[in-house]
$ cat entry-v4.pdb   # PDB, C-alpha atoms, pLDDT in the B column
ATOM      1  CA  MET A  16       0.000   0.000   0.000  1.00 48.00           C
ATOM      2  CA  SER A  17       1.459   3.341  -0.994  1.00 55.00           C
ATOM      3  CA  LYS A  18       1.569   6.235   1.405  1.00 61.00           C
ATOM      4  CA  ASP A  19      -0.623   9.143   0.331  1.00 65.00           C
ATOM      5  CA  ILE A  20       0.846  12.566   0.939  1.00 60.00           C
ATOM      6  CA  THR A  21      -1.625  15.043   2.310  1.00 63.00           C
ATOM      7  CA  PRO A  22      -1.321  18.730   1.392  1.00 63.00           C
ATOM      8  CA  ILE A  23      -0.206  19.554   4.942  1.00 64.00           C
ATOM      9  CA  GLU A  24       2.622  16.990   4.773  1.00 63.00           C
ATOM     10  CA  LYS A  25       3.627  18.277   1.359  1.00 60.00           C
ATOM     11  CA  ALA A  26       3.767  21.846   2.716  1.00 58.00           C
ATOM     12  CA  LYS A  27       6.183  20.679   5.402  1.00 65.00           C
ATOM     13  CA  GLU A  28       8.605  19.477   2.710  1.00 72.00           C
ATOM     14  CA  GLY A  29       9.475  23.030   1.684  1.00 70.00           C
ATOM     15  CA  PRO A  30       8.342  25.847  -0.557  1.00 73.00           C
ATOM     16  CA  SER A  31       6.912  25.220  -3.989  1.00 76.00           C
ATOM     17  CA  GLY A  32       8.960  25.764  -7.125  1.00 78.00           C
ATOM     18  CA  PHE A  33       7.484  29.201  -7.843  1.00 78.00           C
ATOM     19  CA  ILE A  34       8.016  30.482  -4.302  1.00 82.00           C
ATOM     20  CA  LYS A  35      11.536  29.096  -4.294  1.00 78.00           C
ATOM     21  CA  ALA A  36      12.254  30.726  -7.660  1.00 77.00           C
ATOM     22  CA  ILE A  37      11.161  34.208  -6.591  1.00 81.00           C
ATOM     23  CA  SER A  38      12.796  34.000  -3.168  1.00 85.00           C
ATOM     24  CA  GLU A  39      16.314  33.113  -4.330  1.00 87.00           C
ATOM     25  CA  PRO A  40      18.659  35.813  -5.639  1.00 88.00           C
ATOM     26  CA  LEU A  41      19.501  35.731  -9.335  1.00 88.00           C
ATOM     27  CA  SER A  42      23.189  36.108  -8.476  1.00 86.00           C
ATOM     28  CA  LYS A  43      22.970  32.563  -7.129  1.00 85.00           C
ATOM     29  CA  TYR A  44      22.380  31.449 -10.712  1.00 85.00           C
ATOM     30  CA  GLY A  45      25.271  33.421 -12.179  1.00 87.00           C
ATOM     31  CA  TRP A  46      23.597  36.743 -12.981  1.00 89.00           C
ATOM     32  CA  PRO A  47      25.840  39.762 -12.337  1.00 92.00           C
ATOM     33  CA  VAL A  48      24.560  41.757  -9.366  1.00 91.00           C
ATOM     34  CA  TRP A  49      24.845  45.053 -11.227  1.00 93.00           C
ATOM     35  CA  LEU A  50      22.583  43.704 -13.997  1.00 95.00           C
ATOM     36  CA  VAL A  51      19.893  42.636 -11.534  1.00 93.00           C
ATOM     37  CA  TYR A  52      19.975  46.087  -9.907  1.00 94.00           C
ATOM     38  CA  LEU A  53      19.851  47.802 -13.311  1.00 96.00           C
ATOM     39  CA  LEU A  54      16.861  45.738 -14.446  1.00 94.00           C
ATOM     40  CA  ALA A  55      15.089  46.448 -11.150  1.00 95.00           C
ATOM     41  CA  ALA A  56      15.672  50.180 -11.591  1.00 94.00           C
ATOM     42  CA  ILE A  57      14.345  50.042 -15.158  1.00 91.00           C
ATOM     43  CA  GLY A  58      11.281  48.121 -13.951  1.00 91.00           C
ATOM     44  CA  LEU A  59      10.660  50.665 -11.195  1.00 92.00           C
ATOM     45  CA  VAL A  60      10.908  53.582 -13.636  1.00 89.00           C
ATOM     46  CA  TYR A  61       8.519  51.786 -15.997  1.00 85.00           C
ATOM     47  CA  ILE A  62       5.972  51.193 -13.230  1.00 86.00           C
ATOM     48  CA  LEU A  63       6.233  54.740 -11.904  1.00 86.00           C
ATOM     49  CA  ASN A  64       5.972  56.182 -15.416  1.00 79.00           C
ATOM     50  CA  PRO A  65       4.409  59.565 -14.629  1.00 63.00           C
ATOM     51  CA  THR A  66       3.381  60.360 -18.191  1.00 59.00           C
ATOM     52  CA  ALA A  67       1.048  57.355 -18.400  1.00 60.00           C
ATOM     53  CA  GLY A  68       2.126  55.801 -21.627  1.00 58.00           C
ATOM     54  CA  VAL A  69       5.200  57.434 -23.159  1.00 64.00           C
ATOM     55  CA  PHE A  70       7.208  54.261 -22.510  1.00 68.00           C
ATOM     56  CA  GLU A  71       4.289  51.869 -22.931  1.00 73.00           C
ATOM     57  CA  PHE A  72       5.463  48.717 -24.765  1.00 72.00           C
ATOM     58  CA  ILE A  73       2.072  46.994 -24.934  1.00 74.00           C
ATOM     59  CA  PRO A  74      -1.011  49.259 -24.925  1.00 74.00           C
ATOM     60  CA  ASP A  75      -3.258  48.532 -21.956  1.00 73.00           C
ATOM     61  CA  VAL A  76      -6.399  48.568 -24.101  1.00 78.00           C
ATOM     62  CA  ILE A  77      -5.484  45.233 -25.713  1.00 79.00           C
ATOM     63  CA  PRO A  78      -7.496  42.535 -23.902  1.00 79.00           C
ATOM     64  CA  PHE A  79      -5.586  39.960 -21.829  1.00 78.00           C
ATOM     65  CA  VAL A  80      -2.080  41.033 -22.887  1.00 82.00           C
ATOM     66  CA  GLY A  81      -2.299  44.748 -22.193  1.00 76.00           C
ATOM     67  CA  ASN A  82      -0.891  44.488 -18.697  1.00 80.00           C
ATOM     68  CA  LEU A  83       1.834  41.922 -19.347  1.00 84.00           C
ATOM     69  CA  ASP A  84       4.521  44.593 -19.597  1.00 83.00           C
ATOM     70  CA  GLU A  85       3.582  45.969 -16.173  1.00 84.00           C
ATOM     71  CA  GLY A  86       3.657  42.423 -14.779  1.00 87.00           C
ATOM     72  CA  VAL A  87       7.166  41.864 -16.131  1.00 88.00           C
ATOM     73  CA  ALA A  88       8.284  45.224 -14.748  1.00 89.00           C
ATOM     74  CA  MET A  89       6.884  44.298 -11.326  1.00 92.00           C
ATOM     75  CA  MET A  90       8.732  40.966 -11.406  1.00 92.00           C
ATOM     76  CA  LEU A  91      11.964  42.840 -12.178  1.00 93.00           C
ATOM     77  CA  VAL A  92      11.391  45.055  -9.156  1.00 94.00           C
ATOM     78  CA  ILE A  93      10.679  42.020  -6.959  1.00 94.00           C
ATOM     79  CA  MET A  94      13.862  40.325  -8.173  1.00 93.00           C
ATOM     80  CA  GLY A  95      15.812  43.462  -7.287  1.00 94.00           C
ATOM     81  CA  ILE A  96      14.351  43.491  -3.782  1.00 94.00           C
ATOM     82  CA  VAL A  97      15.185  39.796  -3.351  1.00 92.00           C
ATOM     83  CA  GLU A  98      18.725  40.499  -4.568  1.00 91.00           C
ATOM     84  CA  ILE A  99      19.121  43.300  -2.026  1.00 91.00           C
ATOM     85  CA  THR A 100      17.859  41.210   0.887  1.00 90.00           C
ATOM     86  CA  GLU A 101      18.771  37.604   0.125  1.00 88.00           C
ATOM     87  CA  GLY A 102      21.707  38.272  -2.207  1.00 85.00           C
ATOM     88  CA  LYS A 103      23.767  39.825   0.575  1.00 83.00           C
ATOM     89  CA  LYS A 104      23.211  36.718   2.708  1.00 84.00           C
ATOM     90  CA  TYR A 105      24.123  34.409  -0.169  1.00 83.00           C
ATOM     91  CA  ARG A 106      27.317  36.308  -1.020  1.00 82.00           C
ATOM     92  CA  ALA A 107      28.347  36.421   2.665  1.00 83.00           C
ATOM     93  CA  GLU A 108      27.829  32.644   2.983  1.00 83.00           C
ATOM     94  CA  LYS A 109      29.805  32.059  -0.208  1.00 81.00           C
ATOM     95  CA  LYS A 110      32.658  34.243   1.084  1.00 81.00           C
ATOM     96  CA  ASN A 111      32.686  32.406   4.441  1.00 83.00           C
ATOM     97  CA  GLU A 112      32.786  29.030   2.679  1.00 82.00           C
ATOM     98  CA  ALA A 113      35.733  30.179   0.582  1.00 79.00           C
ATOM     99  CA  LYS A 114      37.624  31.261   3.714  1.00 79.00           C
ATOM    100  CA  ALA A 115      36.816  28.030   5.580  1.00 76.00           C
ATOM    101  CA  GLU A 116      38.209  25.732   2.891  1.00 68.00           C
ATOM    102  CA  PRO A 117      41.757  24.635   3.687  1.00 66.00           C
ATOM    103  CA  PRO A 118      44.325  25.077   0.932  1.00 63.00           C
ATOM    104  CA  VAL A 119      45.025  22.015  -1.193  1.00 65.00           C
ATOM    105  CA  GLU A 120      48.539  20.713  -0.764  1.00 68.00           C
ATOM    106  CA  ALA A 121      50.460  19.699  -3.867  1.00 63.00           C
ATOM    107  CA  GLU A 122      52.109  16.286  -3.792  1.00 59.00           C
TER     108      GLU A 122
END

$ encode --input "entry-v4.pdb" --output "structure tokens"
Amino acid sequence: MSKDITPIEKAKEGPSGFIKAISEPLSKYGWPVWLVYLLAAIGLVYILNPTAGVFEFIPDVIPFVGNLDEGVAMMLVIMGIVEITEGKKYRAEKKNEAKAEPPVEAE
């Protein structure tokens, strides 16, 4: 008899793939930190566009796809915030691991 996993037991295993993807810094996957910050700044400027449409890539009047550009810009801002908060922790851990490794002796 196979063991059925209830949703509560599955939640105890860890976060889902989507939550894990948006909560890990992009620098962990090899993205340069400066690029993540630049994209976040561009996304923030796009969202806070005071002229309401000068930089509009997809017009909002198009059904279903009109707000995709704002969604992408918001995801860029979220990734920048994650990089600021979690990226510092990740880089500090990586630096500590590099210091803790003993040098390899040549034979």

$ residues_around --input "entry-v4.pdb" --residues "A:Ala88" --least-positions-apart "3" --cutoff "7 Å" --atoms "only C-alpha atoms" --output "PyMOL selection string"
chain A and resi 58-59+61-62+84-85+91-92

$ closest_residue --input "entry-v4.pdb" --among "A:Ile77, A:Ala113, A:Ile93, A:Leu41" --to "A:Ala56" --atoms "all atoms listed in the file"
A:Ile93

$ residues_around --input "entry-v4.pdb" --residues "A:Lys104" --least-positions-apart "5" --cutoff "12 Å" --atoms "all atoms listed in the file" --output "PyMOL selection string"
chain A and resi 39-40+42-43+97-99+109-111

$ resolve_selection --input "entry-v4.pdb" --expression "the PyMOL selection byres ((chain A and resi 72) around 12)" --output "ChimeraX atom specification"
/A:61-62,64,67-71,73-77,80-88

$ write_last_selection --input "entry-v4.pdb" --atoms "C-alpha atoms" --output "compact mmCIF listing (two decimals), in the frame of the given file"
# COMPACT_ATOMS: atom_id res chain seq x y z
CA TYR A 61 8.52 51.79 -16.00
CA ILE A 62 5.97 51.19 -13.23
CA ASN A 64 5.97 56.18 -15.42
CA ALA A 67 1.05 57.36 -18.40
CA GLY A 68 2.13 55.80 -21.63
CA VAL A 69 5.20 57.43 -23.16
CA PHE A 70 7.21 54.26 -22.51
CA GLU A 71 4.29 51.87 -22.93
CA ILE A 73 2.07 46.99 -24.93
CA PRO A 74 -1.01 49.26 -24.92
CA ASP A 75 -3.26 48.53 -21.96
CA VAL A 76 -6.40 48.57 -24.10
CA ILE A 77 -5.48 45.23 -25.71
CA VAL A 80 -2.08 41.03 -22.89
CA GLY A 81 -2.30 44.75 -22.19
CA ASN A 82 -0.89 44.49 -18.70
CA LEU A 83 1.83 41.92 -19.35
CA ASP A 84 4.52 44.59 -19.60
CA GLU A 85 3.58 45.97 -16.17
CA GLY A 86 3.66 42.42 -14.78
CA VAL A 87 7.17 41.86 -16.13
CA ALA A 88 8.28 45.22 -14.75

$ resolve_selection --input "entry-v4.pdb" --expression "the PyMOL selection byres ((chain A and resi 48) around 12)" --output "PDB file with C-alpha atoms, in the frame of the given file"
ATOM      1  CA  PRO A  40      18.659  35.813  -5.639  1.00 88.00           C
ATOM      2  CA  LEU A  41      19.501  35.731  -9.335  1.00 88.00           C
ATOM      3  CA  SER A  42      23.189  36.108  -8.476  1.00 86.00           C
ATOM      4  CA  LYS A  43      22.970  32.563  -7.129  1.00 85.00           C
ATOM      5  CA  TYR A  44      22.380  31.449 -10.712  1.00 85.00           C
ATOM      6  CA  GLY A  45      25.271  33.421 -12.179  1.00 87.00           C
ATOM      7  CA  TRP A  46      23.597  36.743 -12.981  1.00 89.00           C
ATOM      8  CA  PRO A  47      25.840  39.762 -12.337  1.00 92.00           C
ATOM      9  CA  TRP A  49      24.845  45.053 -11.227  1.00 93.00           C
ATOM     10  CA  LEU A  50      22.583  43.704 -13.997  1.00 95.00           C
ATOM     11  CA  VAL A  51      19.893  42.636 -11.534  1.00 93.00           C
ATOM     12  CA  TYR A  52      19.975  46.087  -9.907  1.00 94.00           C
ATOM     13  CA  LEU A  53      19.851  47.802 -13.311  1.00 96.00           C
ATOM     14  CA  LEU A  54      16.861  45.738 -14.446  1.00 94.00           C
ATOM     15  CA  ALA A  55      15.089  46.448 -11.150  1.00 95.00           C
ATOM     16  CA  MET A  94      13.862  40.325  -8.173  1.00 93.00           C
ATOM     17  CA  GLY A  95      15.812  43.462  -7.287  1.00 94.00           C
ATOM     18  CA  ILE A  96      14.351  43.491  -3.782  1.00 94.00           C
ATOM     19  CA  VAL A  97      15.185  39.796  -3.351  1.00 92.00           C
ATOM     20  CA  GLU A  98      18.725  40.499  -4.568  1.00 91.00           C
ATOM     21  CA  ILE A  99      19.121  43.300  -2.026  1.00 91.00           C
ATOM     22  CA  GLU A 101      18.771  37.604   0.125  1.00 88.00           C
ATOM     23  CA  GLY A 102      21.707  38.272  -2.207  1.00 85.00           C
ATOM     24  CA  LYS A 103      23.767  39.825   0.575  1.00 83.00           C
ATOM     25  CA  TYR A 105      24.123  34.409  -0.169  1.00 83.00           C
ATOM     26  CA  ARG A 106      27.317  36.308  -1.020  1.00 82.00           C
TER      27      ARG A 106
END

$ closest_residue --input "entry-v4.pdb" --among "A:Lys35, A:Gly29, A:Leu63, A:Lys114" --to "A:Met89" --atoms "all atoms listed in the file"
A:Leu63
